[in-house]
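Okay, model34.txt is below, compact mmCIF, C-alpha atoms:
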# COMPACT_ATOMS: atom_id res chain seq x y z
CA MET A 26 -18.94 -56.30 89.36
CA SER A 27 -15.20 -56.77 89.01
CA MET A 28 -12.68 -53.95 88.92
CA ARG A 29 -11.97 -54.60 85.22
CA THR A 30 -15.68 -54.46 84.37
CA ARG A 31 -16.12 -51.19 86.26
CA ARG A 32 -13.17 -49.69 84.42
CA SER A 33 -14.61 -50.80 81.07
CA VAL A 34 -17.98 -49.27 81.92
CA ARG A 35 -16.31 -46.04 83.05
CA ALA A 36 -14.23 -45.91 79.84
CA GLY A 37 -17.37 -46.47 77.78
CA GLN A 38 -19.10 -43.63 79.58
CA TYR A 39 -16.21 -41.29 78.88
CA VAL A 40 -16.17 -42.27 75.21
CA ALA A 41 -19.91 -41.68 74.93
CA LEU A 42 -19.53 -38.30 76.64
CA LEU A 43 -16.69 -37.35 74.31
CA CYS A 44 -18.77 -38.29 71.25
CA TYR A 45 -21.65 -36.19 72.58
CA LEU A 46 -19.38 -33.20 73.14
CA VAL A 47 -18.02 -33.50 69.61
CA PHE A 48 -21.58 -33.71 68.30
CA LEU A 49 -22.50 -30.50 70.16
CA ALA A 50 -19.31 -28.62 69.32
CA PHE A 51 -19.14 -29.41 65.61
CA PRO A 52 -21.81 -26.91 64.41
CA PHE A 53 -20.38 -24.10 66.53
CA LEU A 54 -16.79 -24.72 65.43
CA TRP A 55 -17.87 -24.86 61.80
CA LEU A 56 -19.80 -21.60 62.31
CA ILE A 57 -16.68 -19.89 63.64
CA SER A 58 -14.62 -21.22 60.74
CA THR A 59 -17.18 -20.00 58.19
CA ALA A 60 -17.41 -16.56 59.80
CA PHE A 61 -13.69 -15.92 59.16
CA LYS A 62 -13.46 -17.37 55.65
CA PRO A 63 -13.24 -15.08 52.60
CA ALA A 64 -15.70 -15.52 49.74
CA PRO A 65 -13.45 -17.75 47.56
CA GLU A 66 -13.00 -20.25 50.40
CA LEU A 67 -16.73 -20.30 51.13
CA GLY A 68 -17.38 -21.43 47.56
CA SER A 69 -14.56 -23.94 47.45
CA LEU A 70 -15.33 -27.54 46.53
CA HIS A 71 -12.83 -28.69 49.16
CA PRO A 72 -13.72 -26.86 52.40
CA THR A 73 -11.21 -26.76 55.22
CA TRP A 74 -11.65 -26.52 58.95
CA ILE A 75 -9.19 -23.67 59.40
CA PRO A 76 -9.52 -20.62 57.11
CA GLN A 77 -6.49 -20.36 54.84
CA HIS A 78 -6.77 -16.56 54.66
CA PRO A 79 -8.84 -15.44 57.68
CA THR A 80 -10.64 -12.14 57.28
CA LEU A 81 -12.97 -9.82 59.16
CA ASP A 82 -14.79 -8.74 56.01
CA ASN A 83 -17.80 -10.90 56.85
CA PHE A 84 -18.27 -9.06 60.12
CA ARG A 85 -17.95 -5.66 58.46
CA GLN A 86 -20.41 -6.65 55.75
CA ALA A 87 -22.86 -8.01 58.31
CA PHE A 88 -22.92 -4.72 60.22
CA ASP A 89 -23.20 -2.75 56.98
CA GLU A 90 -26.12 -4.80 55.65
CA GLN A 91 -28.27 -5.12 58.79
CA PRO A 92 -28.82 -3.12 62.03
CA LEU A 93 -27.30 -5.79 64.25
CA LEU A 94 -26.56 -3.51 67.20
CA ARG A 95 -30.12 -2.21 67.39
CA ALA A 96 -31.51 -5.74 67.05
CA ALA A 97 -29.12 -7.00 69.74
CA ALA A 98 -30.24 -4.19 72.06
CA ASN A 99 -33.89 -5.17 71.51
CA SER A 100 -33.10 -8.81 72.22
CA LEU A 101 -31.12 -7.88 75.32
CA ILE A 102 -33.93 -5.75 76.72
CA ALA A 103 -36.52 -8.43 76.05
CA ALA A 104 -34.40 -11.30 77.40
CA LEU A 105 -33.21 -9.53 80.56
CA SER A 106 -36.70 -8.26 81.37
CA ALA A 107 -38.29 -11.64 80.77
CA GLY A 108 -35.71 -13.44 82.92
CA LEU A 109 -36.02 -10.97 85.80
CA ILE A 110 -39.82 -10.86 85.80
CA ALA A 111 -40.15 -14.64 85.48
CA VAL A 112 -37.86 -15.21 88.46
CA LEU A 113 -39.58 -12.57 90.59
CA ILE A 114 -42.95 -14.21 89.96
CA ALA A 115 -41.84 -17.84 90.11
CA THR A 116 -39.75 -17.70 93.30
CA PRO A 117 -42.53 -16.99 95.85
CA MET A 118 -44.92 -19.28 93.96
CA ALA A 119 -42.37 -22.10 94.02
CA TYR A 120 -41.79 -21.63 97.75
CA VAL A 121 -45.50 -21.94 98.54
CA MET A 122 -45.91 -24.98 96.27
CA ALA A 123 -42.87 -26.72 97.76
CA ARG A 124 -43.60 -26.05 101.43
CA HIS A 125 -47.38 -26.62 101.29
CA ARG A 126 -47.92 -29.88 99.42
CA THR A 127 -51.67 -29.77 98.94
CA ARG A 128 -53.72 -31.30 96.16
CA LEU A 129 -53.92 -27.90 94.54
CA ALA A 130 -50.13 -27.59 94.51
CA THR A 131 -49.81 -31.08 93.04
CA ALA A 132 -52.36 -30.25 90.33
CA ALA A 133 -50.55 -26.98 89.58
CA THR A 134 -47.24 -28.84 89.21
CA GLY A 135 -48.85 -31.28 86.81
CA TRP A 136 -50.31 -28.44 84.78
CA VAL A 137 -46.88 -26.81 84.60
CA VAL A 138 -45.45 -29.93 83.00
CA VAL A 139 -48.40 -30.42 80.64
CA SER A 140 -48.33 -26.79 79.51
CA GLN A 141 -44.88 -27.29 78.01
CA ALA A 142 -46.38 -29.69 75.47
CA PHE A 143 -48.45 -27.00 73.74
CA PRO A 144 -46.88 -25.98 70.40
CA PHE A 145 -46.22 -22.35 69.54
CA VAL A 146 -48.62 -22.41 66.59
CA LEU A 147 -51.52 -23.36 68.85
CA LEU A 148 -50.94 -20.34 71.08
CA ILE A 149 -50.02 -17.59 68.67
CA ILE A 150 -53.55 -16.64 67.56
CA PRO A 151 -54.99 -16.25 71.10
CA LEU A 152 -51.86 -14.38 72.17
CA PHE A 153 -52.07 -12.11 69.15
CA LEU A 154 -55.72 -11.26 69.87
CA VAL A 155 -55.03 -10.57 73.55
CA LEU A 156 -52.07 -8.33 72.78
CA LYS A 157 -54.06 -6.55 70.06
CA ASN A 158 -56.79 -5.68 72.57
CA LEU A 159 -54.12 -4.39 74.94
CA HIS A 160 -52.50 -2.37 72.12
CA LEU A 161 -49.21 -4.21 72.64
CA ILE A 162 -48.69 -5.55 69.12
CA ASN A 163 -45.36 -4.41 67.66
CA THR A 164 -44.01 -3.43 71.09
CA LEU A 165 -41.18 -4.90 73.13
CA TRP A 166 -43.38 -4.94 76.23
CA GLY A 167 -45.89 -7.15 74.45
CA LEU A 168 -43.10 -9.52 73.45
CA ILE A 169 -41.72 -9.49 77.00
CA MET A 170 -45.14 -10.47 78.36
CA VAL A 171 -45.24 -13.43 75.97
CA TYR A 172 -41.72 -14.50 76.96
CA VAL A 173 -42.59 -14.32 80.67
CA VAL A 174 -45.74 -16.39 80.20
CA TRP A 175 -43.85 -18.94 78.13
CA ALA A 176 -40.89 -19.23 80.53
CA LEU A 177 -42.87 -19.10 83.78
CA PRO A 178 -44.14 -22.73 83.91
CA PHE A 179 -40.73 -24.31 83.46
CA ALA A 180 -39.10 -21.70 85.72
CA LEU A 181 -41.66 -22.53 88.41
CA TRP A 182 -41.03 -26.25 87.99
CA MET A 183 -37.28 -25.74 88.32
CA LEU A 184 -37.54 -23.58 91.42
CA VAL A 185 -39.92 -25.99 93.17
CA GLY A 186 -37.20 -28.62 92.98
CA TYR A 187 -34.60 -26.23 94.38
CA VAL A 188 -36.86 -25.17 97.26
CA ARG A 189 -37.61 -28.78 98.18
CA ALA A 190 -33.87 -29.46 98.29
CA VAL A 191 -33.46 -26.86 101.05
CA PRO A 192 -34.10 -28.64 104.40
CA ALA A 193 -37.09 -27.24 106.21
CA GLU A 194 -35.16 -27.87 109.45
CA LEU A 195 -33.01 -24.83 108.68
CA GLU A 196 -36.07 -22.59 108.68
CA GLU A 197 -37.39 -24.26 111.84
CA ALA A 198 -34.06 -23.67 113.56
CA ALA A 199 -34.15 -20.01 112.57
CA ALA A 200 -37.68 -19.73 113.95
CA VAL A 201 -36.55 -21.27 117.26
CA ASP A 202 -33.79 -18.67 117.44
CA GLY A 203 -36.44 -15.97 117.21
CA ALA A 204 -36.28 -15.05 113.52
CA GLY A 205 -39.56 -14.05 111.92
CA ARG A 206 -40.89 -15.52 108.69
CA LEU A 207 -39.63 -12.65 106.52
CA ARG A 208 -36.17 -12.65 108.07
CA THR A 209 -35.97 -16.43 107.73
CA LEU A 210 -36.81 -16.23 104.04
CA VAL A 211 -34.36 -13.41 103.38
CA SER A 212 -31.45 -14.55 105.57
CA VAL A 213 -31.71 -18.34 105.43
CA THR A 214 -33.72 -19.58 102.47
CA ALA A 215 -32.90 -16.98 99.81
CA PRO A 216 -29.08 -17.41 99.95
CA LEU A 217 -29.45 -21.18 99.60
CA LEU A 218 -31.75 -20.70 96.62
CA ALA A 219 -29.29 -18.41 94.84
CA PRO A 220 -27.88 -21.13 92.52
CA GLY A 221 -31.39 -22.18 91.56
CA ILE A 222 -32.53 -18.62 90.97
CA VAL A 223 -29.48 -17.91 88.83
CA ALA A 224 -29.98 -21.09 86.80
CA THR A 225 -33.66 -20.31 86.30
CA ALA A 226 -32.96 -16.74 85.25
CA LEU A 227 -30.34 -18.01 82.80
CA PHE A 228 -32.83 -20.45 81.34
CA ALA A 229 -35.41 -17.69 80.86
CA PHE A 230 -32.81 -15.36 79.37
CA VAL A 231 -31.47 -17.89 76.85
CA THR A 232 -35.00 -18.93 75.87
CA ALA A 233 -35.99 -15.34 75.18
CA TRP A 234 -32.69 -14.45 73.50
CA ASN A 235 -32.95 -17.32 71.01
CA GLU A 236 -36.72 -17.16 70.43
CA PHE A 237 -37.77 -16.49 66.84
CA PHE A 238 -41.40 -17.36 66.13
CA PHE A 239 -43.17 -14.99 68.52
CA ALA A 240 -40.83 -12.14 67.62
CA LEU A 241 -41.46 -12.71 63.92
CA VAL A 242 -45.25 -12.59 64.32
CA LEU A 243 -45.58 -9.82 66.91
CA LEU A 244 -42.92 -7.35 65.75
CA LYS A 245 -43.47 -5.72 62.37
CA THR A 246 -41.33 -2.60 62.12
CA PRO A 247 -37.57 -3.10 61.59
CA GLU A 248 -36.77 -0.83 64.54
CA LYS A 249 -38.43 -3.25 66.98
CA GLN A 250 -37.18 -6.56 65.60
CA THR A 251 -34.93 -8.80 67.65
CA LEU A 252 -31.66 -10.40 66.60
CA PRO A 253 -33.00 -13.84 65.52
CA VAL A 254 -35.47 -12.13 63.18
CA VAL A 255 -32.83 -9.85 61.71
CA LEU A 256 -30.62 -12.86 60.99
CA THR A 257 -33.22 -14.11 58.52
CA HIS A 258 -32.65 -10.97 56.43
CA PHE A 259 -29.38 -12.51 55.25
CA LEU A 260 -31.42 -15.16 53.45
CA GLY A 261 -32.38 -14.29 49.91
CA ALA A 262 -34.93 -15.65 47.48
CA GLU A 263 -35.30 -19.40 47.01
CA GLY A 264 -33.13 -20.20 50.02
CA ALA A 265 -30.03 -18.40 48.79
CA SER A 266 -28.00 -16.96 51.64
CA ASP A 267 -25.16 -14.56 52.14
CA LEU A 268 -23.23 -17.25 53.98
CA GLY A 269 -20.23 -15.31 55.22
CA PRO A 270 -22.07 -12.35 56.83
CA LEU A 271 -24.78 -14.74 58.08
CA ALA A 272 -22.21 -16.89 59.86
CA ALA A 273 -20.51 -13.81 61.31
CA ALA A 274 -23.80 -12.41 62.61
CA ALA A 275 -24.89 -15.79 63.99
CA PHE A 276 -21.55 -16.16 65.77
CA LEU A 277 -21.99 -12.77 67.42
CA ALA A 278 -25.55 -13.72 68.40
CA THR A 279 -24.29 -16.76 70.34
CA LEU A 280 -21.72 -14.83 72.38
CA PRO A 281 -24.02 -13.45 75.13
CA SER A 282 -25.24 -16.92 76.08
CA LEU A 283 -21.69 -18.28 76.11
CA VAL A 284 -20.43 -15.38 78.22
CA LEU A 285 -23.26 -15.82 80.72
CA PHE A 286 -22.53 -19.52 81.08
CA ALA A 287 -18.83 -18.83 81.54
CA VAL A 288 -19.41 -16.14 84.17
CA ILE A 289 -21.97 -17.89 86.34
CA GLN A 290 -21.21 -21.57 85.76
CA ARG A 291 -19.59 -21.84 89.17
CA ARG A 292 -22.70 -20.48 90.82
CA ILE A 293 -24.87 -22.94 88.93
CA THR A 294 -22.74 -26.01 89.61
CA GLY A 295 -21.88 -25.02 93.17
CA GLY A 296 -23.49 -26.92 96.00
CA MET A 297 -26.87 -25.48 96.92
CA LEU A 298 -26.30 -25.95 100.63
CA ALA A 299 -22.67 -24.82 100.75
CA GLY A 300 -22.13 -23.00 104.00
CA ALA A 301 -25.52 -23.98 105.43
CA VAL A 302 -24.01 -26.13 108.16
CA LYS A 303 -22.26 -24.31 110.95
CA ASN A 304 -19.12 -25.72 112.44

Exercise: express the given structure as structure tokens:
Amino acid sequence: MSMRTRRSVRAGQYVALLCYLVFLAFPFLWLISTAFKPAPELGSLHPTWIPQHPTLDNFRQAFDEQPLLRAAANSLIAALSAGLIAVLIATPMAYVMARHRTRLATAATGWVVVSQAFPFVLLIIPLFLVLKNLHLINTLWGLIMVYVVWALPFALWMLVGYVRAVPAELEEAAAVDGAGRLRTLVSVTAPLLAPGIVATALFAFVTAWNEFFFALVLLKTPEKQTLPVVLTHFLGAEGASDLGPLAAAAFLATLPSLVLFAVIQRRITGGMLAGAVKN
């Protein structure tokens, strides 16, 4: 392949990436624009990207109409708990599956992948009956259990890949130096798995934070409802919506995920084995 051809391919890749970024960013940018527009601009026949008279009235109205803070607190509790519990369960399981490649481990990995194909509707009735027998309907702990079960297969699959990327020779070297199994796991393996654990926890958190269907079915009282469910209260009869407050509330609902990505993106994209080799 000539130099000119490689440059053309590289330019095409950058153009495709730019188009994809624009495709992803357009809904969010339009959401921000709508959240700051006053009512006359929202009903205009000629909408503009930038609000002509930006206002915070939509945010005030959103907080006045719905208990957004309480719903956000419920979502935060459920998402943080689900992410933490899923990681605590998946990490040792992933280590065993990655280091001991038996037929059982291979079958378990296959089941993890297949389980992601089951639709929510197929699972909701059995889950509802189980939680009803455990007296966990309309409780955050019941919802957290569902989120953990739903996030665990993919979290396990992610962590297996991260564990396999850590050279077993590092653990063998630690054992030769006299380190026991527990110390090896804590001092050698765990620090190298930190990016994978953080990425997995973030996945579980975002999945639980944005989840709507299970929360809608399992939580009945307004005091227990999560933020995605409360956002639907801005929708009126026959699809009519209070567009300004809805956009303002939806914008606020996206902030935690964005902040998390911004804070820990270096840890996610950092090399897994950085610092593993001694000079």

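Picture a line from atom CA of A:Pro151 to atom CA of A:Ala111; it runs 20.7 Å.
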
Subject >> Residues near stretch 188-190 of chain A, cut-off 6 Å, all atoms listed in the file, skip fewer than 2 positions along chain, as a list in words >> reply: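 Contacts, in chain order: Ala123, Val185 and Gly186 of chain A.
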
Subject >> Atom pair atom CA of A:Ala97 / atom CA of A:Phe276: separation (Å) >> reply: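 These two atoms are separated by 12.5 Å.
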
Original post:
Between A:Val284, A:Ala200, A:Ala224, A:Ala272, which has the minimum distance to A:Leu184 (counting only C-alpha atoms)?
Top reply: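 Of A:Val284, A:Ala200, A:Ala224, A:Ala272, the one nearest A:Leu184 is A:Ala224, counting only C-alpha atoms.
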
**OP:** Between atom CA of A:Gly221 and atom CA of A:Asn235, measure the distance and give it in Å to one decimal.
**Re:** 21.2 Å

Original post:
Nearest to A:Glu66: which of A:Val121, A:Leu268, A:Leu113, A:Ala273 is it, counting only C-alpha atoms?
Top reply: A:Leu268

Subject >> A:Thr73 surroundings by all atoms listed in the file, 10 Å radius, close-in-sequence under 4 positions cut, as a PyMOL selection string >> reply: chain A and resi 55+58-59+62+66-67+69+77

Subject >> Selection near A:Leu177, 8 Å with all atoms listed in the file, sequence-local residues under 5 positions removed, as a list in words >> reply: Ala111, Val112, Ile114 and Ala115 of chain A

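Each of A:Phe230, A:Tyr187, A:Tyr120, A:Phe61 was checked against A:Val173 using all atoms listed in the file; the smallest atom-to-atom distance is that of A:Phe230.
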
Original post:
Which residue gives the smallest distance to A:Ala240 among A:Pro253, A:Pro76, A:Pro117, A:Pro65, with all atoms listed in the file counted?
Top reply: A:Pro253

Given all atoms listed in the file, how would the per-residue table for stretch 64-162 of chain A near stretch 166-171 of chain A read, listing every residue at most 6 Å away with its closest atom pair and distance in Å to one decimal, sorted by chain and number, as CSV?
residue,atom,partner,partner_atom,distance
A:Ala103,CA,A:Ile169,CA,5.4
A:Ala107,CA,A:Ile169,CA,5.5
A:Leu161,CA,A:Gly167,CA,4.8

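Here the question is which of A:Ala287, A:Ile149, A:Leu43, A:Ala274 gets nearest to A:Leu56 using all atoms listed in the file, and that residue is A:Ala274.
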
Original post:
Smallest atom-to-atom distance to A:Ala98: which of A:Leu165, A:Ile110, A:Val213, A:Val174, using all atoms listed in the file?
Top reply: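 Of A:Leu165, A:Ile110, A:Val213, A:Val174, the one nearest A:Ala98, counting all atoms listed in the file, is A:Leu165.
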
Could you work out an axis-aligned bounding box for all listed atoms of stretch 59-74 of chain A, with 5 Å added on each of the six sides, and give its centre and edge lengths in Å to one decimal, as lines of an AutoDock Vina configuration file?
center_x = -14.3
center_y = -21.9
center_z = 53.2
size_x = 16.2
size_y = 23.6
size_z = 23.3
